[in-house]
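Raw contents of protein20.cif, mmCIF, C-alpha atoms:
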```
data_query
loop_
_atom_site.label_atom_id
_atom_site.label_comp_id
_atom_site.auth_asym_id
_atom_site.auth_seq_id
_atom_site.Cartn_x
_atom_site.Cartn_y
_atom_site.Cartn_z
CA MET A 1 21.12 -11.47 28.76
CA THR A 2 22.98 -8.20 29.14
CA ASP A 3 26.28 -7.36 27.44
CA ARG A 4 27.91 -7.54 30.85
CA GLU A 5 26.52 -11.02 31.52
CA SER A 6 27.79 -12.31 28.19
CA ARG A 7 31.28 -10.95 28.95
CA THR A 8 31.43 -12.35 32.49
CA THR A 9 29.91 -15.78 31.75
CA GLY A 10 31.67 -16.27 28.43
CA ARG A 11 28.35 -17.13 26.77
CA ALA A 12 27.51 -15.48 23.48
CA PRO A 13 24.22 -13.57 23.21
CA ALA A 14 21.33 -15.46 21.64
CA SER A 15 21.44 -15.59 17.86
CA PRO A 16 18.44 -15.41 15.56
CA ALA A 17 16.94 -18.62 14.24
CA VAL A 18 18.49 -19.96 11.03
CA ALA A 19 16.24 -20.48 8.00
CA ASP A 20 16.67 -21.29 4.33
CA ARG A 21 16.75 -18.38 1.89
CA ALA A 22 13.09 -18.70 0.78
CA ALA A 23 11.78 -18.75 4.38
CA PHE A 24 14.02 -15.81 5.25
CA GLN A 25 12.94 -13.79 2.21
CA ALA A 26 9.25 -14.26 3.03
CA GLU A 27 9.70 -12.39 6.31
CA PRO A 28 11.24 -9.15 4.91
CA ASP A 29 8.66 -9.25 2.11
CA ARG A 30 5.89 -9.17 4.75
CA LEU A 31 7.67 -6.42 6.68
CA ARG A 32 8.11 -4.35 3.52
CA GLU A 33 4.35 -3.79 3.29
CA ARG A 34 4.31 -2.50 6.88
CA GLU A 35 7.38 -0.34 6.17
CA LYS A 36 5.67 1.19 3.13
CA ALA A 37 2.64 2.05 5.28
CA HIS A 38 4.99 3.52 7.89
CA THR A 39 6.70 5.64 5.23
CA ARG A 40 3.37 6.87 3.86
CA GLU A 41 2.27 7.82 7.39
CA GLY A 42 5.56 9.64 7.93
CA ASP A 43 5.00 11.54 4.68
CA ALA A 44 1.49 12.50 5.85
CA ILE A 45 2.84 13.71 9.21
CA ALA A 46 5.52 15.77 7.41
CA ALA A 47 2.83 17.30 5.17
CA ALA A 48 0.76 18.20 8.24
CA ARG A 49 3.85 19.71 9.88
CA ARG A 50 4.39 21.93 6.81
CA ARG A 51 0.86 23.27 7.36
CA LEU A 52 1.41 24.24 11.01
CA PRO A 53 0.97 27.93 11.79
CA MET A 54 4.13 29.89 12.42
CA ALA A 55 5.13 32.13 15.28
CA GLU A 56 7.06 35.28 14.58
CA VAL A 57 10.52 35.30 16.14
CA ALA A 58 12.64 38.37 16.78
CA ALA A 59 15.62 38.57 14.43
CA ASP A 60 17.98 40.17 16.95
CA PRO A 61 18.67 37.55 19.66
CA VAL A 62 22.41 37.03 19.94
CA LEU A 63 23.72 33.53 19.26
CA THR A 64 27.25 32.21 19.56
CA GLY A 65 28.58 31.45 16.09
CA PRO A 66 31.91 29.88 15.12
CA ASP A 67 33.52 33.35 14.99
CA GLY A 68 31.70 34.89 17.95
CA PRO A 69 28.34 36.58 18.52
CA VAL A 70 25.84 36.78 15.64
CA THR A 71 22.16 37.67 15.50
CA LEU A 72 19.60 35.07 14.54
CA LEU A 73 19.10 36.87 11.24
CA GLU A 74 22.86 36.77 10.52
CA ALA A 75 22.93 33.04 11.29
CA PHE A 76 20.66 32.45 8.28
CA GLU A 77 23.36 33.93 5.99
CA GLY A 78 20.71 34.87 3.41
CA ARG A 79 19.07 31.42 3.36
CA ARG A 80 15.31 30.90 3.62
CA GLN A 81 15.57 28.08 6.16
CA LEU A 82 17.85 27.26 9.05
CA VAL A 83 17.90 23.92 10.83
CA ALA A 84 18.75 24.36 14.52
CA TYR A 85 20.11 20.99 17.34
CA TRP A 86 16.52 21.71 19.91
CA THR A 87 14.18 18.69 20.49
CA THR A 88 12.71 16.52 23.19
CA PRO A 89 14.20 13.15 24.18
CA ARG A 90 13.27 10.80 21.32
CA GLY A 91 12.82 13.65 18.84
CA VAL A 92 16.54 13.58 18.14
CA GLU A 93 16.07 10.25 16.35
CA ALA A 94 14.70 12.06 13.32
CA MET A 95 17.94 14.04 13.05
CA ASP A 96 20.36 11.16 13.69
CA TYR A 97 19.97 8.36 11.19
CA GLY A 98 22.26 6.17 13.29
CA TYR A 99 19.28 5.15 15.41
CA ALA A 100 17.31 4.07 12.34
CA LEU A 101 20.28 2.04 11.13
CA MET A 102 20.61 0.30 14.50
CA ASP A 103 16.88 -0.51 14.35
CA LEU A 104 17.59 -2.52 11.18
CA THR A 105 20.24 -4.73 12.80
CA VAL A 106 19.69 -8.13 14.38
CA TYR A 107 20.46 -6.86 17.90
CA GLY A 108 18.78 -3.44 17.49
CA ARG A 109 19.73 -0.59 19.81
CA GLN A 110 20.02 -2.87 22.84
CA GLU A 111 17.92 -0.37 24.81
CA LEU A 112 15.99 -1.45 27.89
CA TRP A 113 12.64 -0.45 26.37
CA GLU A 114 13.17 -2.42 23.14
CA ASP A 115 11.02 -5.45 22.32
CA SER A 116 13.72 -8.02 21.51
CA PRO A 117 13.80 -11.80 21.82
CA SER A 118 14.95 -13.30 25.10
CA GLY A 119 18.71 -13.66 25.44
CA ARG A 120 19.59 -10.74 23.17
CA PRO A 121 22.08 -8.18 24.51
CA ARG A 122 20.77 -5.26 26.59
CA VAL A 123 22.47 -2.25 28.09
CA GLN A 124 22.78 -1.90 31.86
CA GLY A 125 20.92 0.59 34.03
CA THR A 126 17.37 1.79 34.33
CA PRO A 127 15.09 3.29 31.66
CA ALA A 128 15.60 6.75 33.20
CA ASP A 129 19.36 6.41 32.70
CA HIS A 130 18.86 5.96 28.98
CA VAL A 131 16.16 8.54 28.31
CA ARG A 132 18.21 11.51 29.40
CA PRO A 133 21.91 10.86 29.97
CA ARG A 134 22.94 13.06 32.86
CA SER A 135 26.02 13.96 34.82
CA ASP A 136 25.71 15.84 38.08
CA GLY A 137 22.03 16.49 37.32
CA ARG A 138 22.67 18.16 33.95
CA PRO A 139 22.09 16.65 30.51
CA VAL A 140 25.51 15.49 29.30
CA PRO A 141 25.47 17.68 26.14
CA GLN A 142 25.43 20.80 28.35
CA TRP A 143 28.86 20.05 29.81
CA SER A 144 30.72 21.06 26.66
CA ARG A 145 28.94 24.43 26.81
CA LEU A 146 29.97 24.94 30.42
CA ALA A 147 33.55 23.81 29.76
CA ALA A 148 33.72 26.47 27.02
CA GLY A 149 32.80 29.12 29.59
CA ARG A 150 29.21 29.62 28.48
CA SER A 151 26.33 30.17 30.87
CA GLY A 152 24.48 27.18 32.27
CA ASP A 153 21.24 29.20 32.17
CA LEU A 154 19.17 27.82 29.30
CA ALA A 155 16.09 29.90 30.06
CA PRO A 156 14.81 32.00 27.14
CA ARG A 157 15.82 35.61 27.21
CA THR A 158 12.98 38.02 27.87
#
```

This structure in structure tokens:
Amino acid sequence: MTDRESRTTGRAPASPAVADRAAFQAEPDRLREREKAHTREGDAIAAARRRLPMAEVAADPVLTGPDGPVTLLEAFEGRRQLVAYWTTPRGVEAMDYGYALMDLTVYGRQELWEDSPSGRPRVQGTPADHVRPRSDGRPVPQWSRLAAGRSGDLAPRT
């Protein structure tokens, strides 16, 4: 059942089964072992990532900072590391803990691709609509750049 169907039919989305406390607690206890393995694997992937080779980057590309143009080197402001908002579609999940929190809820993200029990709420649209939200052919996050008068050309400078 989609959110829209539940609003138009007046029916509530399917609820999880009800169990006594002991039966409920047995399920998260089983999941906890899998979660621990998942965490250990994530730690191993992070360790492997820290061992990746590095590519030298020029320090003089001009970026737009809060007070105007700055070089990449100036953006570091003397720090050893700088985290910067580039990734591929689902890669953003690692930077936005909101997705992980939704994954812990009874209804999840309500995404089309999610494996959820029948009758649970789902969003409308097609999988392509949810992978890369677009408006007029551009990813939605680009529109704020364009509205601010910045170039729509995202190609690397040569």

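The coordinates place atom CA of A:Ala94 at 25.3 Å from atom CA of A:Arg120.
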
Which protein, DNA or RNA residues are at most 8 Å from (19.8, 40.4, 12.6) in the file's coordinates when you count only C-alpha atoms, listed as a list in words?
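I get Ala59, Asp60, Pro61, Val70, Thr71, Leu72, Leu73 and Glu74 of chain A for the residues within 8 Å of that point.
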
Could you please determine the separation between atom CA of A:Gly119 and atom CA of A:Pro16 in Å, to one decimal place?
10.0 Å

Quick one: which residues end up in the PyMOL selection byres ((chain A and resi 111-113) around 7) for this structure, as a list of chain:residue names?
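Expected selection for the PyMOL selection byres ((chain A and resi 111-113) around 7) here is A:Arg109, A:Gln110, A:Glu114, A:Asp115, A:Arg122, A:Val123, A:Pro127.
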
With C-alpha atoms kept, could you save the residues just selected as a compact mmCIF listing (two decimals), in the frame of the given file?
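Just written: again_8.txt:
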```
# COMPACT_ATOMS: atom_id res chain seq x y z
CA ARG A 109 19.73 -0.59 19.81
CA GLN A 110 20.02 -2.87 22.84
CA GLU A 114 13.17 -2.42 23.14
CA ASP A 115 11.02 -5.45 22.32
CA ARG A 122 20.77 -5.26 26.59
CA VAL A 123 22.47 -2.25 28.09
CA PRO A 127 15.09 3.29 31.66
```

So for stretch 39-50 of chain A, what box centre and size do we get, axis-aligned, 3 Å extra on each of the six sides, every listed atom, Å to one decimal, as lines of an AutoDock Vina configuration file?
```
center_x = 3.7
center_y = 13.8
center_z = 6.9
size_x = 11.9
size_y = 22.3
size_z = 12.0
```
